[in-house]
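Next up, upload30.json (JSON, C-alpha atoms):
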[["chain", "number", "residue", "atom", "x", "y", "z"],
["A", 689, "SER", "CA", 66.43, 117.92, 133.26],
["A", 690, "GLY", "CA", 65.19, 114.67, 131.76],
["A", 691, "LYS", "CA", 62.71, 116.49, 129.52],
["A", 692, "ALA", "CA", 65.41, 118.88, 128.36],
["A", 693, "ALA", "CA", 67.69, 115.98, 127.50],
["A", 694, "ASP", "CA", 64.90, 114.24, 125.61],
["A", 695, "ALA", "CA", 64.20, 117.40, 123.66],
["A", 696, "GLN", "CA", 67.90, 117.71, 122.83],
["A", 697, "LYS", "CA", 68.00, 114.09, 121.72],
["A", 698, "GLU", "CA", 64.92, 114.53, 119.54],
["A", 699, "ALA", "CA", 66.36, 117.67, 117.95],
["A", 700, "ALA", "CA", 69.64, 115.87, 117.28],
["A", 701, "GLN", "CA", 67.81, 112.98, 115.61],
["A", 702, "MET", "CA", 65.87, 115.41, 113.44],
["A", 703, "GLY", "CA", 69.15, 117.01, 112.40],
["A", 704, "ILE", "CA", 70.66, 113.61, 111.63],
["A", 705, "ASP", "CA", 67.65, 112.62, 109.53],
["A", 706, "ALA", "CA", 67.85, 115.91, 107.62],
["A", 707, "GLN", "CA", 71.56, 115.36, 106.98],
["A", 708, "GLN", "CA", 70.94, 111.86, 105.68],
["A", 709, "ARG", "CA", 68.10, 112.95, 103.40],
["A", 710, "GLN", "CA", 70.18, 115.74, 101.91],
["A", 711, "TYR", "CA", 73.19, 113.48, 101.42],
["A", 712, "GLN", "CA", 71.11, 110.79, 99.72],
["A", 713, "GLN", "CA", 69.53, 113.41, 97.45],
["A", 714, "THR", "CA", 72.94, 114.83, 96.54],
["A", 715, "ARG", "CA", 74.33, 111.35, 95.94],
["A", 716, "SER", "CA", 71.36, 110.55, 93.71],
["A", 717, "ASP", "CA", 71.85, 113.79, 91.75],
["A", 718, "LEU", "CA", 75.54, 113.02, 91.14],
["A", 719, "THR", "CA", 75.05, 109.32, 90.33],
["A", 720, "PRO", "CA", 74.50, 109.76, 86.54],
["A", 721, "TYR", "CA", 77.79, 111.66, 86.25],
["A", 722, "ARG", "CA", 79.67, 109.06, 88.27],
["A", 723, "VAL", "CA", 78.19, 106.26, 86.15],
["A", 724, "ALA", "CA", 79.09, 108.09, 82.92],
["A", 725, "GLY", "CA", 82.63, 108.54, 84.18],
["A", 726, "GLU", "CA", 82.95, 104.87, 85.12],
["A", 727, "SER", "CA", 81.67, 103.79, 81.71],
["A", 728, "ALA", "CA", 84.05, 106.16, 79.92],
["A", 729, "LEU", "CA", 86.96, 104.89, 82.03],
["A", 730, "THR", "CA", 86.16, 101.34, 80.95],
["A", 731, "ASP", "CA", 86.09, 102.39, 77.30],
["A", 732, "LEU", "CA", 89.28, 104.43, 77.66],
["A", 733, "ASN", "CA", 91.17, 101.54, 79.23],
["A", 734, "ALA", "CA", 90.02, 99.25, 76.44],
["A", 735, "ARG", "CA", 91.13, 101.69, 73.73],
["A", 736, "LEU", "CA", 94.40, 102.85, 75.26],
["A", 737, "PRO", "CA", 96.55, 100.38, 73.29],
["A", 738, "GLU", "CA", 94.98, 101.64, 70.06],
["A", 739, "LEU", "CA", 95.05, 105.32, 70.97],
["A", 740, "THR", "CA", 98.65, 105.30, 72.18],
["A", 741, "ALA", "CA", 100.09, 103.05, 69.46],
["A", 742, "PRO", "CA", 102.49, 104.65, 66.93],
["A", 743, "ILE", "CA", 100.84, 105.82, 63.71],
["A", 744, "GLU", "CA", 102.09, 103.69, 60.82],
["A", 745, "LEU", "CA", 100.81, 104.36, 57.30],
["A", 746, "THR", "CA", 101.76, 102.03, 54.44],
["A", 747, "GLN", "CA", 101.93, 103.03, 50.80],
["A", 748, "ASP", "CA", 99.16, 100.58, 49.95],
["A", 749, "TRP", "CA", 96.94, 102.16, 52.57],
["A", 750, "LEU", "CA", 97.77, 105.67, 51.36],
["A", 751, "GLU", "CA", 96.89, 104.74, 47.79],
["A", 752, "SER", "CA", 93.55, 103.40, 49.01],
["A", 753, "THR", "CA", 92.52, 106.66, 50.68],
["A", 754, "PRO", "CA", 89.66, 108.61, 49.09],
["A", 755, "GLY", "CA", 90.76, 110.88, 46.26],
["A", 756, "TYR", "CA", 94.33, 109.63, 46.05],
["A", 757, "GLN", "CA", 93.99, 107.68, 42.81],
["A", 758, "PHE", "CA", 91.95, 110.42, 41.16],
["A", 759, "THR", "CA", 94.50, 113.09, 42.14],
["A", 760, "LYS", "CA", 97.36, 110.89, 40.97],
["A", 761, "THR", "CA", 95.71, 110.17, 37.61],
["A", 762, "GLN", "CA", 94.83, 113.78, 36.95],
["A", 763, "GLY", "CA", 98.25, 114.99, 38.08],
["A", 764, "LEU", "CA", 100.13, 112.58, 35.83],
["A", 765, "LYS", "CA", 97.98, 113.61, 32.88],
["A", 766, "SER", "CA", 98.82, 117.23, 33.56],
["A", 767, "VAL", "CA", 102.54, 116.45, 33.70],
["A", 768, "GLN", "CA", 102.38, 114.44, 30.45],
["A", 769, "ASN", "CA", 100.37, 117.14, 28.69],
["A", 770, "ALA", "CA", 102.82, 119.80, 29.79],
["A", 771, "ALA", "CA", 105.75, 117.68, 28.52],
["A", 772, "ALA", "CA", 103.98, 117.01, 25.22],
["A", 773, "ALA", "CA", 103.30, 120.71, 24.79],
["A", 774, "ARG", "CA", 107.03, 121.31, 25.00],
["A", 775, "GLY", "CA", 107.68, 118.51, 22.54],
["A", 776, "LEU", "CA", 109.18, 116.22, 25.12],
["A", 777, "GLY", "CA", 106.54, 113.49, 24.87],
["A", 778, "ASN", "CA", 107.72, 110.35, 26.65],
["A", 779, "SER", "CA", 111.24, 111.60, 27.12],
["A", 780, "GLY", "CA", 113.31, 111.07, 30.21],
["A", 781, "ALA", "CA", 112.42, 114.56, 31.39],
["A", 782, "ALA", "CA", 108.73, 113.76, 31.10],
["A", 783, "LEU", "CA", 109.13, 110.53, 32.99],
["A", 784, "LYS", "CA", 111.17, 112.27, 35.68],
["A", 785, "GLY", "CA", 108.49, 114.91, 36.02],
["A", 786, "ALA", "CA", 105.84, 112.22, 36.43],
["A", 787, "ALA", "CA", 107.92, 110.44, 39.07],
["A", 788, "SER", "CA", 108.48, 113.67, 40.98],
["A", 789, "PHE", "CA", 104.77, 114.39, 40.94],
["A", 790, "ALA", "CA", 103.93, 110.91, 42.23],
["A", 791, "THR", "CA", 106.52, 111.18, 45.01],
["A", 792, "GLY", "CA", 105.30, 114.62, 46.02],
["A", 793, "LEU", "CA", 101.71, 113.41, 46.07],
["A", 794, "ALA", "CA", 102.66, 110.45, 48.27],
["A", 795, "ASP", "CA", 104.54, 112.69, 50.71],
["A", 796, "THR", "CA", 101.70, 115.20, 50.90],
["A", 797, "THR", "CA", 99.12, 112.47, 51.31],
["A", 798, "TYR", "CA", 101.19, 110.79, 54.03],
["A", 799, "LYS", "CA", 101.46, 114.00, 56.05],
["A", 800, "THR", "CA", 97.78, 114.77, 55.59],
["A", 801, "GLN", "CA", 96.67, 111.29, 56.63],
["A", 802, "PHE", "CA", 99.12, 111.23, 59.54],
["A", 803, "ASP", "CA", 97.68, 114.50, 60.86],
["A", 804, "VAL", "CA", 94.15, 113.16, 60.41],
["A", 805, "ALA", "CA", 94.96, 109.93, 62.27],
["A", 806, "ASN", "CA", 96.71, 111.80, 65.06],
["A", 807, "THR", "CA", 93.81, 114.25, 65.40],
["A", 808, "ASN", "CA", 91.28, 111.41, 65.51],
["A", 809, "LYS", "CA", 93.23, 109.62, 68.24],
["A", 810, "THR", "CA", 93.65, 112.81, 70.25],
["A", 811, "ASN", "CA", 89.97, 113.70, 69.95],
["A", 812, "ALA", "CA", 88.85, 110.22, 70.99],
["A", 813, "TYR", "CA", 91.17, 110.26, 73.99],
["A", 814, "ASN", "CA", 90.17, 113.78, 75.07],
["A", 815, "ARG", "CA", 86.45, 113.06, 74.82],
["A", 816, "LEU", "CA", 86.70, 109.90, 76.87],
["A", 817, "LYS", "CA", 89.06, 111.59, 79.33],
["A", 818, "GLY", "CA", 86.59, 114.48, 79.68],
["A", 819, "LEU", "CA", 83.85, 112.05, 80.74],
["A", 820, "VAL", "CA", 86.26, 110.30, 83.10],
["A", 821, "ASP", "CA", 87.12, 113.67, 84.69],
["A", 822, "THR", "CA", 83.42, 114.45, 85.05],
["A", 823, "GLY", "CA", 82.86, 111.14, 86.83],
["A", 824, "GLN", "CA", 85.91, 111.66, 89.02],
["A", 825, "SER", "CA", 84.69, 115.11, 90.01],
["A", 826, "ALA", "CA", 81.22, 113.75, 90.83],
["A", 827, "ALA", "CA", 82.75, 110.95, 92.90],
["A", 828, "ALA", "CA", 84.94, 113.44, 94.78],
["A", 829, "GLN", "CA", 81.94, 115.68, 95.48],
["A", 830, "THR", "CA", 79.94, 112.69, 96.69],
["A", 831, "GLY", "CA", 82.76, 111.81, 99.05],
["A", 832, "THR", "CA", 82.99, 115.38, 100.32],
["A", 833, "PHE", "CA", 79.27, 115.62, 100.96],
["A", 834, "GLY", "CA", 79.34, 112.22, 102.65],
["A", 835, "GLN", "CA", 82.19, 113.30, 104.94],
["A", 836, "ASN", "CA", 80.39, 116.52, 105.81],
["A", 837, "ALA", "CA", 77.21, 114.59, 106.60],
["A", 838, "ALA", "CA", 79.19, 112.18, 108.78],
["A", 839, "ASN", "CA", 80.83, 115.09, 110.63],
["A", 840, "GLN", "CA", 77.51, 116.83, 111.22],
["A", 841, "THR", "CA", 75.94, 113.57, 112.39],
["A", 842, "SER", "CA", 78.84, 112.97, 114.77],
["A", 843, "ASN", "CA", 78.49, 116.50, 116.18],
["A", 844, "LEU", "CA", 74.76, 116.07, 116.70],
["A", 845, "LEU", "CA", 75.25, 112.70, 118.40],
["A", 846, "THR", "CA", 77.91, 114.24, 120.64],
["A", 847, "GLN", "CA", 75.58, 117.07, 121.59],
["A", 848, "SER", "CA", 72.81, 114.59, 122.32],
["A", 849, "GLY", "CA", 75.15, 112.46, 124.44],
["A", 850, "THR", "CA", 76.38, 115.51, 126.32],
["A", 851, "ALA", "CA", 72.82, 116.55, 127.05],
["A", 852, "GLN", "CA", 71.95, 113.05, 128.28],
["A", 853, "ALA", "CA", 75.05, 112.96, 130.49],
["A", 854, "ALA", "CA", 74.21, 116.36, 131.92],
["A", 855, "SER", "CA", 70.69, 115.13, 132.62],
["A", 856, "TYR", "CA", 71.98, 112.05, 134.43],
["A", 857, "ASN", "CA", 74.42, 114.16, 136.44],
["A", 858, "ALA", "CA", 71.66, 116.53, 137.40],
["A", 859, "MET", "CA", 69.43, 113.64, 138.42],
["A", 860, "GLY", "CA", 72.23, 112.09, 140.43],
["A", 861, "GLY", "CA", 72.89, 115.41, 142.14],
["A", 862, "ALA", "CA", 69.23, 115.82, 142.94],
["A", 863, "VAL", "CA", 69.05, 112.31, 144.41],
["A", 864, "THR", "CA", 72.20, 112.93, 146.45],
["A", 865, "ASN", "CA", 70.85, 116.21, 147.78],
["A", 866, "ALA", "CA", 67.56, 114.58, 148.61],
["A", 867, "ALA", "CA", 69.34, 111.75, 150.39],
["A", 868, "ASN", "CA", 71.47, 114.21, 152.35],
["A", 869, "ASN", "CA", 68.42, 116.22, 153.30],
["A", 870, "LEU", "CA", 66.56, 113.11, 154.37],
["A", 871, "GLY", "CA", 69.59, 111.90, 156.32],
["A", 872, "GLY", "CA", 69.90, 115.23, 158.06],
["A", 873, "TYR", "CA", 66.24, 115.27, 158.87],
["A", 874, "ALA", "CA", 66.41, 111.73, 160.24],
["A", 875, "ALA", "CA", 69.38, 112.68, 162.40],
["A", 876, "TYR", "CA", 67.53, 115.71, 163.62],
["A", 877, "LYS", "CA", 64.49, 113.60, 164.53],
["A", 878, "GLY", "CA", 66.71, 111.07, 166.25],
["A", 879, "LEU", "CA", 68.46, 113.69, 168.38],
["A", 880, "TYR", "CA", 65.60, 115.90, 169.19],
["A", 881, "GLY", "CA", 62.73, 113.43, 168.95],
["A", 882, "GLY", "CA", 60.77, 115.86, 166.96],
["A", 883, "ASN", "CA", 60.48, 118.30, 169.99],
["A", 884, "THR", "CA", 60.77, 121.90, 169.07],
["A", 885, "GLY", "CA", 60.69, 123.09, 172.67],
["A", 886, "GLY", "CA", 63.97, 121.59, 173.84],
["A", 887, "ALA", "CA", 66.28, 118.62, 173.64],
["A", 888, "ASP", "CA", 65.14, 115.20, 174.71],
["A", 889, "TYR", "CA", 68.11, 113.30, 176.19],
["A", 890, "SER", "CA", 66.24, 110.10, 177.01],
["A", 891, "GLY", "CA", 68.42, 107.11, 176.24],
["A", 892, "VAL", "CA", 71.55, 109.26, 175.93],
["A", 893, "THR", "CA", 74.58, 108.30, 178.03],
["A", 894, "PRO", "CA", 75.95, 110.85, 180.48],
["A", 895, "THR", "CA", 79.03, 111.43, 178.33],
["A", 896, "GLN", "CA", 76.86, 112.13, 175.36],
["A", 897, "SER", "CA", 74.63, 114.38, 177.48],
["A", 898, "SER", "CA", 77.53, 116.46, 178.69],
["A", 899, "TYR", "CA", 78.76, 116.75, 175.07],
["A", 900, "TRP", "CA", 75.51, 118.13, 173.79],
["A", 901, "ASN", "CA", 75.28, 120.53, 176.76]]

Can you give me the file's structure in the form of structure tokens?
Amino acid sequence: SGKAADAQKEAAQMGIDAQQRQYQQTRSDLTPYRVAGESALTDLNARLPELTAPIELTQDWLESTPGYQFTKTQGLKSVQNAAAARGLGNSGAALKGAASFATGLADTTYKTQFDVANTNKTNAYNRLKGLVDTGQSAAAQTGTFGQNAANQTSNLLTQSGTAQAASYNAMGGAVTNAANNLGGYAAYKGLYGGNTGGADYSGVTPTQSSYWN
């Protein structure tokens, strides 16, 4: 019984060691993803005010964007040339046409730059959030594997403890049986004096003698 319990305990410890090795390996494999997620979360938190702020574009900024001045210059020349071709020159109609072109260019540029700014913010947020989600998933998997390892370890320890308890119970039962057998044998020797041919009543009172008869 003791050897069986020891074998069970040894097997349980081997199982526990295997569980721990596998968990540590899995944790190590997932660590880079968890670290990347943590780093991205730090960056995302730092950039949230910028990424969630309203998009505000000023006229001065719009006019400083690449290509704006060139487009404006070429567009105004085209408007003036078209007016001159019709003999309008620097008339009010020509000036109105130039103003309309400039306003239309500003509106178009504003919409274009707004969409670009919004896309850039969205892309930056999504990329950082994607890394955060990767880290969160890795952390969740690490926790799941850790819980499974803890459950398996607990089961193995319980099995080992049960085997040890069964061993001790069996030992206690064996000792009790042995004690009972020895007690019975001693009583037998005391009553019969070890004679197998008949009872020996020496030292027994008459009452006791009549009882045994």

Return as JSON the box centre and box size in Å, one decimal, for an axis-aligned box around all listed atoms of region 744-752 of chain A padded by 4 Å per side.
{"center_x": 97.8, "center_y": 103.1, "center_z": 54.3, "size_x": 16.5, "size_y": 13.1, "size_z": 21.0}

Counting only C-alpha atoms, what is within 12 Å of Met702 (chain A), bar same-chain residues fewer than 4 positions away, as a PyMOL selection string? chain A and resi 695-698+706-709+840-841+844-845+848

Using all atoms listed in the file, which of A:Ile704, A:Ala794, A:Leu816, A:Ala826 sits nearest Asn733 (chain A)? A:Leu816

Enter the distance from CA of Ala728 (chain A) to CA of Gln835 (chain A), in Å, rounded to one decimal.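 Distance between the two atoms: 26.1 Å.
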
If you count only C-alpha atoms, the residue of A:Ala734, A:Ala827, A:Ala837, A:Leu819 closest to Thr719 (chain A) turns out to be A:Ala827

What does the distance between CA of Tyr711 (chain A) and CA of Thr730 (chain A) come to in Å, to one decimal place?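 Distance between the two atoms: 27.1 Å.
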
For Tyr756 (chain A), which of A:Asn839, A:Ser716, A:Thr830, A:Thr800 is the closest residue, counting all atoms listed in the file? A:Thr800

Using all atoms listed in the file, which protein or nucleic acid residues come within 12 Å of Gly725 (chain A)? Drop anything in the same chain fewer than 6 positions from it, and give the result as JSON, numbers by chain. {"A": [718, 719, 731, 732, 815, 816, 817, 818, 819, 820, 821, 822, 823, 824, 825, 826, 827, 828]}

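Atom pair CA of Arg715 (chain A) / CA of Asn836 (chain A): separated by 12.7 Å.
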
Using all atoms listed in the file: which of A:Thr846, A:Ala812, A:Asp748, A:Ala838 has the shortest distance to Arg735 (chain A): A:Ala812
